[in-house]
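Take a look at the structure set out below.
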Amino acid sequence: MKILNMITLLLGALLMNSIAHAAGQQELSVWLNNVVKQHPRLQAVQADVDKAEAERRAADQPLFNPEIEFEYESTDVDTKTAGITQTIDWSDKRSAQTRLADFSWQHSINELAFQQQQLSAEVLLALASYRASIESQQIAAKRMASMATFINIAKQRYDAGDLTEVDLSLAQLASSEASFQLADAEAALIANKQALFVLLGDDSDKALMKLPFIENVPGAQKQAVDNIDVLLDSLPQMKLARARMDIARAGIKLRQREQQPDPTIGIKAGKEGDESLTNITFSMPLFVRNNFSAEVDAANAQLIQRQREAIDIRRLLAAKLKTATQTLALNRRAWAQWQAVGSHSLLQQESLLERLWKVGELSTADYLVQLKQSLDTQASAIEHKTQLWQSWTQWLIASGEINQWITSNDVAITNNAAQSDDGE
C-alpha cells in the first residue's frame, strides 16, 4: 500500500511538473509575440503591407476616366454641342500594372515575416544576454565577498605573525581587482538591461518583473537538413529575393506595354442653328520622338541585378546555415562536458581551497591564483552559456525554424521575479 501511494505521489509530481513546464513555454511564446507585435519596427512594416494592399487595389482600377465636354459658340449662327471622350487601354496596361502591384504586395508580406523573425531573434538574444549579465554580476559580487572575507582573515593572521607583509599586499591587490571586476560586471548589466528595454519599449520595474526566465539551455534536437535547396528556398530572405525578381519581371512587362500608344475616341452632338450636328473624333499619340525603349532597357537591367543579388543571397544563406550548424555543435559539446565534470568539480574546489589555506597547507599566492581561476571558470561558463544561446538562435534563423521553436520547443521557463541590480 505504501509503495502504491509513493508511485501515485511520484506520478502526480511528474504531471504537475509537465503542466508547469507547458505553461512556462506558453508564457515565453505569448511574451515574445507581444513584444514583437508592439515594436515600432514591426508596426512600420505592417503599415507598409497595408500601403501595398491599397496600391494593389488602386492598380486594378481602370487607367482612364471618360471626359465630358460642352461647347457653346455664338456668331451669326449659335452652335451648341455636348460630347464625351474616352482613352482606351489598348495594350492592357492595367493588367500589367496590377500584376506588378501584386508582386509588390507579396514582397511586403515577405518583408513582414523576415522582420518578425529578425526581431524575435534580437529579443531572445537580448533576454539571454541580460540574464547572463545578472549571473556574471553575481559571480563578481561573490568574488568581492570572498576577497572581503579573505582580507579580514589575512589581517588577523598578519597581526598574529602567521602571514607576511607580502602576502597581505597580495590579498589587498586581489581585493582591488575584484572591485574593478564587479564594477565592470555591473556596467555590463546596465548596458544589457538598456539594450533589452530598447526592444521592450519599457524600462519600468513592472516590465522587469514580467520578464520570463530561461532556466535551461535548449536540449539537443535534430539539426540535419534533408534537402538544403528546399530549406533555402523556404527562408524569408530567399522569398524576398524572389519577390524582387518577380517585381522586376512585371516591371519589364509594364514598360513594354507602355511602348504601345493608347487611342482616344470621342463623340459630340449638338445644334448649329436649326441644323443637327454630330462629330466623331479619333486620336492616337505617335511615339516617333520617344519610343520609350530606354525604359525597357532599364527594366531589363534591373532584372539582371535582382537575379545576381538572389544568387549572392543564396550563397550567403547556405554559408550561414553551415557555419551556424557547426558552431552550435561545438558549443553543445563544450557545454555538455562542463555540465558532466566541470560544474561539480568547481564547487568542491572552492571549499577545499579555503580549508587548505586556513590550515597553512596552501600559500597565499597559490590560494589567490587558484581562487581566481575558479571564479574565472565560473564566469567563462556563464559566457559560454550565452554563446550557446546565441549559436542556437543563429541556427534557428539560418534554418528558418525560429517561429516554430518559440511555440513548440521544449524549454523550461518560469516567471520568477527579477532581483534588483544590486543582488541579482
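As shown in the C-alpha cells, the chain order sets the letters A, B, ...; within each chain, residues go from 1, and ligands are also counted from 1 in the order they appear.
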Residues flagged helix (DSSP H, G or I) by DSSP in region 221-395 of chain A, as number ranges by chain: A: 228-234, 236-257, 293-358, 364-395
Can you pull out the residues contacting Asp246 (chain A)? Cut-off 12 Å, using only C-alpha atoms, and skip same-chain residues under 6 positions away; I want them as a short mmCIF file (atom, residue, chain, number, x, y, z; two decimals) with N, CA and C atoms, in the first residue's frame.
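Below you can see result-v2.cif, which holds the result:
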data_model
loop_
_atom_site.label_atom_id
_atom_site.label_comp_id
_atom_site.auth_asym_id
_atom_site.auth_seq_id
_atom_site.Cartn_x
_atom_site.Cartn_y
_atom_site.Cartn_z
N ARG A 99 -0.44 43.25 -61.96
CA ARG A 99 0.49 42.17 -61.65
C ARG A 99 1.72 42.71 -60.90
N LEU A 100 2.19 43.87 -61.32
CA LEU A 100 3.32 44.49 -60.62
C LEU A 100 2.95 44.82 -59.17
N ALA A 101 1.76 45.34 -58.97
CA ALA A 101 1.31 45.68 -57.61
C ALA A 101 1.13 44.42 -56.76
N ASP A 102 0.67 43.33 -57.38
CA ASP A 102 0.53 42.06 -56.66
C ASP A 102 1.88 41.57 -56.12
N PHE A 103 2.90 41.64 -56.97
CA PHE A 103 4.23 41.20 -56.54
C PHE A 103 4.80 42.13 -55.47
N SER A 104 4.51 43.41 -55.57
CA SER A 104 4.97 44.36 -54.54
C SER A 104 4.29 44.08 -53.21
N TRP A 105 3.01 43.73 -53.28
CA TRP A 105 2.28 43.37 -52.05
C TRP A 105 2.85 42.10 -51.44
N GLN A 106 3.15 41.10 -52.28
CA GLN A 106 3.74 39.86 -51.77
C GLN A 106 5.12 40.14 -51.16
N HIS A 107 5.88 41.03 -51.76
CA HIS A 107 7.19 41.40 -51.22
C HIS A 107 7.04 42.01 -49.84
N LYS A 239 12.72 34.30 -50.17
CA LYS A 239 11.40 34.71 -50.64
C LYS A 239 11.40 36.19 -51.02
N LEU A 240 12.11 36.99 -50.24
CA LEU A 240 12.23 38.41 -50.58
C LEU A 240 12.99 38.58 -51.90
N ILE A 252 9.24 44.93 -66.40
CA ILE A 252 9.59 44.84 -67.82
C ILE A 252 8.32 44.76 -68.67
N LYS A 253 7.40 43.91 -68.24
CA LYS A 253 6.14 43.74 -68.99
C LYS A 253 5.37 45.07 -69.07
N ALA A 299 14.58 48.46 -67.23
CA ALA A 299 13.85 47.40 -66.53
C ALA A 299 14.56 46.06 -66.69
N GLN A 302 17.53 46.00 -64.44
CA GLN A 302 17.15 45.80 -63.04
C GLN A 302 16.86 44.33 -62.75
N LEU A 303 16.26 43.63 -63.71
CA LEU A 303 16.00 42.20 -63.52
C LEU A 303 17.32 41.44 -63.40
N ILE A 304 18.29 41.77 -64.24
CA ILE A 304 19.60 41.13 -64.13
C ILE A 304 20.22 41.39 -62.77
N ARG A 306 18.63 42.00 -59.94
CA ARG A 306 17.91 41.23 -58.92
C ARG A 306 18.29 39.75 -58.98
N GLN A 307 18.51 39.23 -60.17
CA GLN A 307 18.91 37.83 -60.30
C GLN A 307 20.29 37.59 -59.69
N ALA A 310 20.04 37.66 -55.95
CA ALA A 310 19.45 36.43 -55.41
C ALA A 310 20.49 35.31 -55.33
#
Strand (DSSP E) call set, DSSP backbone run, region 6-190 of chain A, as a list of chain:residue names: A:Glu67, A:Ile68, A:Glu69, A:Phe70, A:Glu71, A:Tyr72, A:Glu73, A:Ser74, A:Asp78, A:Thr79, A:Lys80, A:Thr81, A:Ala82, A:Gly83, A:Ile84, A:Thr85, A:Gln86, A:Thr87
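Among the candidate residues A:Phe64, A:Phe150, A:Trp90, A:Trp335, the one lying nearest to Leu371 (chain A) is A:Phe150, with distances computed using only C-alpha atoms.
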Can you tell me, as a PDB file with C-alpha atoms, in the first residue's frame, what residues are no more than 9 Å from Asn300 (chain A) when counting only C-alpha atoms, ignoring any on the same chain fewer than 3 positions away?
ATOM      1  CA  ALA A 248      11.461  43.320 -61.923  1.00  0.00           C
ATOM      2  CA  ARG A 249       9.879  40.936 -64.468  1.00  0.00           C
ATOM      3  CA  GLY A 251       8.178  45.949 -64.456  1.00  0.00           C
ATOM      4  CA  ILE A 252       9.589  44.838 -67.825  1.00  0.00           C
ATOM      5  CA  GLU A 295      12.753  52.449 -70.028  1.00  0.00           C
ATOM      6  CA  VAL A 296      12.573  48.835 -71.213  1.00  0.00           C
ATOM      7  CA  ASP A 297      16.361  48.563 -71.217  1.00  0.00           C
ATOM      8  CA  LEU A 303      16.005  42.200 -63.524  1.00  0.00           C
ATOM      9  CA  ILE A 304      19.604  41.126 -64.132  1.00  0.00           C
ATOM     10  CA  GLN A 305      20.607  42.974 -60.966  1.00  0.00           C
TER      11      GLN A 305
END
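Nearest to Ala154 (chain A) of all the residues A:Ser363, A:Val77, A:Gln194, A:Ser380 is A:Ser363, counting only C-alpha atoms.
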Test item: residues at most 8 Å from Gln117 (chain A), only C-alpha atoms, excluding those fewer than 4 positions along its chain, as a ChimeraX atom specification: /A:113,121,397,402-403
Closest pair table for region 355-407 of chain A residues within 10 Å of region 127-142 of chain A, only C-alpha atoms, as a Markdown table:
| residue | atom | partner | partner_atom | distance |
| --- | --- | --- | --- | --- |
| A:Leu375 | CA | A:Ile139 | CA | 7.1 |
| A:Asp376 | CA | A:Ile139 | CA | 8.8 |
| A:Gln378 | CA | A:Ile139 | CA | 7.3 |
| A:Ala379 | CA | A:Ser136 | CA | 6.1 |
| A:Ser380 | CA | A:Ser136 | CA | 9.2 |
| A:Ala381 | CA | A:Ser136 | CA | 9.7 |
| A:Ile382 | CA | A:Ala132 | CA | 6.2 |
| A:Glu383 | CA | A:Ala132 | CA | 7.1 |
| A:His384 | CA | A:Ala132 | CA | 9.6 |
| A:Lys385 | CA | A:Ala132 | CA | 7.9 |
| A:Thr386 | CA | A:Ala132 | CA | 6.3 |
| A:Gln387 | CA | A:Ser129 | CA | 9.2 |
| A:Leu388 | CA | A:Ala128 | CA | 9.9 |
| A:Trp389 | CA | A:Ala128 | CA | 6.9 |
| A:Gln390 | CA | A:Ala128 | CA | 8.1 |
Output the selection as a JSON list (two decimals), in the first residue's frame - C-alpha atoms for each residue.
[["chain", "number", "residue", "atom", "x", "y", "z"],
["A", 375, "LEU", "CA", 35.89, 32.21, -10.27],
["A", 376, "ASP", "CA", 37.13, 32.92, -13.80],
["A", 378, "GLN", "CA", 32.51, 30.19, -13.45],
["A", 379, "ALA", "CA", 32.44, 33.45, -15.40],
["A", 380, "SER", "CA", 33.59, 31.62, -18.54],
["A", 381, "ALA", "CA", 30.82, 29.07, -18.06],
["A", 382, "ILE", "CA", 28.25, 31.86, -17.96],
["A", 383, "GLU", "CA", 29.78, 33.42, -21.08],
["A", 384, "HIS", "CA", 29.73, 30.08, -22.87],
["A", 385, "LYS", "CA", 26.11, 29.53, -21.89],
["A", 386, "THR", "CA", 25.32, 32.86, -23.54],
["A", 387, "GLN", "CA", 27.31, 31.81, -26.61],
["A", 388, "LEU", "CA", 25.34, 28.58, -26.75],
["A", 389, "TRP", "CA", 22.08, 30.53, -26.71],
["A", 390, "GLN", "CA", 23.46, 32.84, -29.39]]
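Counting from CA of Pro261 (chain A), the distance to CA of Met284 (chain A) is 6.8 Å.
Compared by their closest atoms to Phe197 (chain A), and using only C-alpha atoms, the residues A:Asn291, A:His39, A:Val341, A:Arg257 rank with A:His39 nearest.
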Near-Leu163 (chain A) list (12 Å; only C-alpha atoms; drop same-chain fewer than 3 positions) as an MDAnalysis selection string: chainID A and resid 151 153:160 166:171 357:358 360 362:365
Option closest in space to Gly266 (chain A), from A:Ser95, A:Thr164, A:Ser391, A:Thr87 [counting only C-alpha atoms]: A:Thr87
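By only C-alpha atoms, and with residues fewer than 6 positions from Ile88 (chain A) along its chain excluded, the set lying at most 7 Å from it is Asp262, Pro263 and Thr264 of chain A.
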Residues as selected, C-alpha atoms, written as a short mmCIF file (atom, residue, chain, number, x, y, z; two decimals), in the first residue's frame, can you do that?
data_model
loop_
_atom_site.label_atom_id
_atom_site.label_comp_id
_atom_site.auth_asym_id
_atom_site.auth_seq_id
_atom_site.Cartn_x
_atom_site.Cartn_y
_atom_site.Cartn_z
CA ASP A 262 -3.49 54.34 -76.33
CA PRO A 263 -6.09 55.79 -78.71
CA THR A 264 -8.77 58.26 -77.69
#
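For the pair CA of Asn331 (chain A) and CA of Gly400 (chain A), the interatomic distance is 20.0 Å.
Using only C-alpha atoms, the nearest neighbour of Arg332 (chain A) within the list A:Trp392, A:Leu316, A:Thr278, A:Ala54 is A:Trp392.
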